[in-house]
Amino acid sequence: MGWLQRAIAAPIHVHLNRYDNADPLHAANRDWLRFQDGLSVTDSVDELAQAVLAAAPTFDPSTGLRRVGGTGDADTLLEPPRFCPVCGRRVAVVVTPRSVRARCRLHGEF
């Protein structure tokens, strides 16, 4: 763990937005950040998006509580979602014999 992470006690992610793999200085800087400072480093937008989504909290769609781990109880897997898994807000749910639709005000239908 690098000195910066110890100082602020929060995970740090570095994105190299103008990274050029052909430039040896860029590669050396990336490797330094990863291996010497112990930081999480990305150099493509896809990697950055995956890192952000992995770090974002998730919420249980049945209770709205922050999910710590696992996928939920087997009893609630057949229940329609009542809360948004992204933000934890209540969702509008429409149940028909053939489908279940849930819509969050902020994140849309899921």
# chains A, B, ... in the order shown; residues from 1 in each chain; ligands from 1
$ residues_around --residues "A:Leu39" --least-positions-apart "3" --cutoff "7 Å" --atoms "only C-alpha atoms" --output "MDAnalysis selection string"
chainID A and resid 12:13 33:34
$ select_by_dssp --residues "stretch 27-81 of chain A" --states "helix (DSSP H, G or I)" --output "PyMOL selection string"
chain A and resi 27-36+45-55+74-76
$ residues_around --residues "A:Thr58" --least-positions-apart "3" --cutoff "6 Å" --atoms "only C-alpha atoms" --output "PyMOL selection string"
chain A and resi 66-67+85-86
$ select_by_dssp --residues "chain A" --states "strand (DSSP E or B)" --output "list of chain:residue names"
A:His13, A:Val14, A:His15, A:Ser40, A:Val41, A:Thr42, A:Phe59, A:Arg66, A:Phe83, A:Arg90, A:Ala92, A:Val93, A:Val94, A:Val95, A:Val100, A:Arg101, A:Ala102, A:Arg103, A:Cys104, A:Gly108, A:Glu109
$ write_last_selection --atoms "N, CA and C atoms" --output "compact mmCIF listing (two decimals), in the first residue's frame"
# COMPACT_ATOMS: atom_id res chain seq x y z
N HIS A 13 -7.83 5.13 -7.29
CA HIS A 13 -7.74 4.56 -8.62
C HIS A 13 -7.21 5.64 -9.56
N VAL A 14 -6.19 5.29 -10.34
CA VAL A 14 -5.58 6.24 -11.27
C VAL A 14 -5.93 5.80 -12.69
N HIS A 15 -6.44 6.75 -13.47
CA HIS A 15 -6.73 6.46 -14.88
C HIS A 15 -5.80 7.30 -15.75
N SER A 40 -4.24 1.10 -8.03
CA SER A 40 -5.01 0.50 -9.10
C SER A 40 -4.95 1.45 -10.29
N VAL A 41 -4.47 0.97 -11.44
CA VAL A 41 -4.25 1.84 -12.60
C VAL A 41 -4.93 1.24 -13.82
N THR A 42 -5.65 2.08 -14.57
CA THR A 42 -6.24 1.67 -15.84
C THR A 42 -5.75 2.61 -16.94
N PHE A 59 -27.22 -2.72 -3.63
CA PHE A 59 -28.27 -2.80 -2.64
C PHE A 59 -29.14 -4.01 -2.92
N ARG A 66 -27.83 -2.01 2.02
CA ARG A 66 -26.55 -2.19 1.32
C ARG A 66 -26.12 -3.64 1.41
N PHE A 83 -36.66 -2.55 -4.51
CA PHE A 83 -35.69 -1.47 -4.37
C PHE A 83 -34.67 -1.54 -5.51
N ARG A 90 -36.81 3.04 -3.50
CA ARG A 90 -37.99 2.26 -3.87
C ARG A 90 -38.22 2.37 -5.37
N ALA A 92 -40.91 1.50 -8.80
CA ALA A 92 -42.27 1.21 -9.22
C ALA A 92 -42.25 -0.16 -9.89
N VAL A 93 -43.10 -1.07 -9.44
CA VAL A 93 -43.10 -2.45 -9.95
C VAL A 93 -44.45 -2.73 -10.60
N VAL A 94 -44.39 -3.30 -11.80
CA VAL A 94 -45.59 -3.73 -12.51
C VAL A 94 -45.46 -5.24 -12.71
N VAL A 95 -46.42 -5.98 -12.13
CA VAL A 95 -46.39 -7.44 -12.24
C VAL A 95 -47.55 -7.87 -13.11
N VAL A 100 -42.37 -9.16 -15.09
CA VAL A 100 -42.23 -8.24 -13.96
C VAL A 100 -41.35 -7.10 -14.46
N ARG A 101 -41.83 -5.87 -14.30
CA ARG A 101 -41.04 -4.71 -14.70
C ARG A 101 -40.86 -3.81 -13.49
N ALA A 102 -39.63 -3.39 -13.27
CA ALA A 102 -39.33 -2.49 -12.16
C ALA A 102 -38.61 -1.29 -12.73
N ARG A 103 -38.96 -0.09 -12.24
CA ARG A 103 -38.38 1.14 -12.75
C ARG A 103 -37.97 2.05 -11.60
N CYS A 104 -36.70 2.46 -11.63
CA CYS A 104 -36.16 3.41 -10.66
C CYS A 104 -36.27 4.81 -11.26
N GLY A 108 -33.80 4.16 -14.28
CA GLY A 108 -34.66 3.59 -15.32
C GLY A 108 -35.05 2.16 -15.03
N GLU A 109 -35.54 1.50 -16.09
CA GLU A 109 -36.04 0.15 -15.95
C GLU A 109 -34.89 -0.86 -15.88
$ atom_distance --atom1 "atom CA of A:Arg105" --atom2 "atom CA of A:Leu48"
25.5 Å
$ atom_distance --atom1 "atom CA of A:Ser44" --atom2 "atom CA of A:Asn17"
7.2 Å
$ closest_residue --among "A:Asp60, A:Asp31, A:Asp43, A:Asp37" --to "A:Tyr19" --atoms "only C-alpha atoms"
A:Asp43
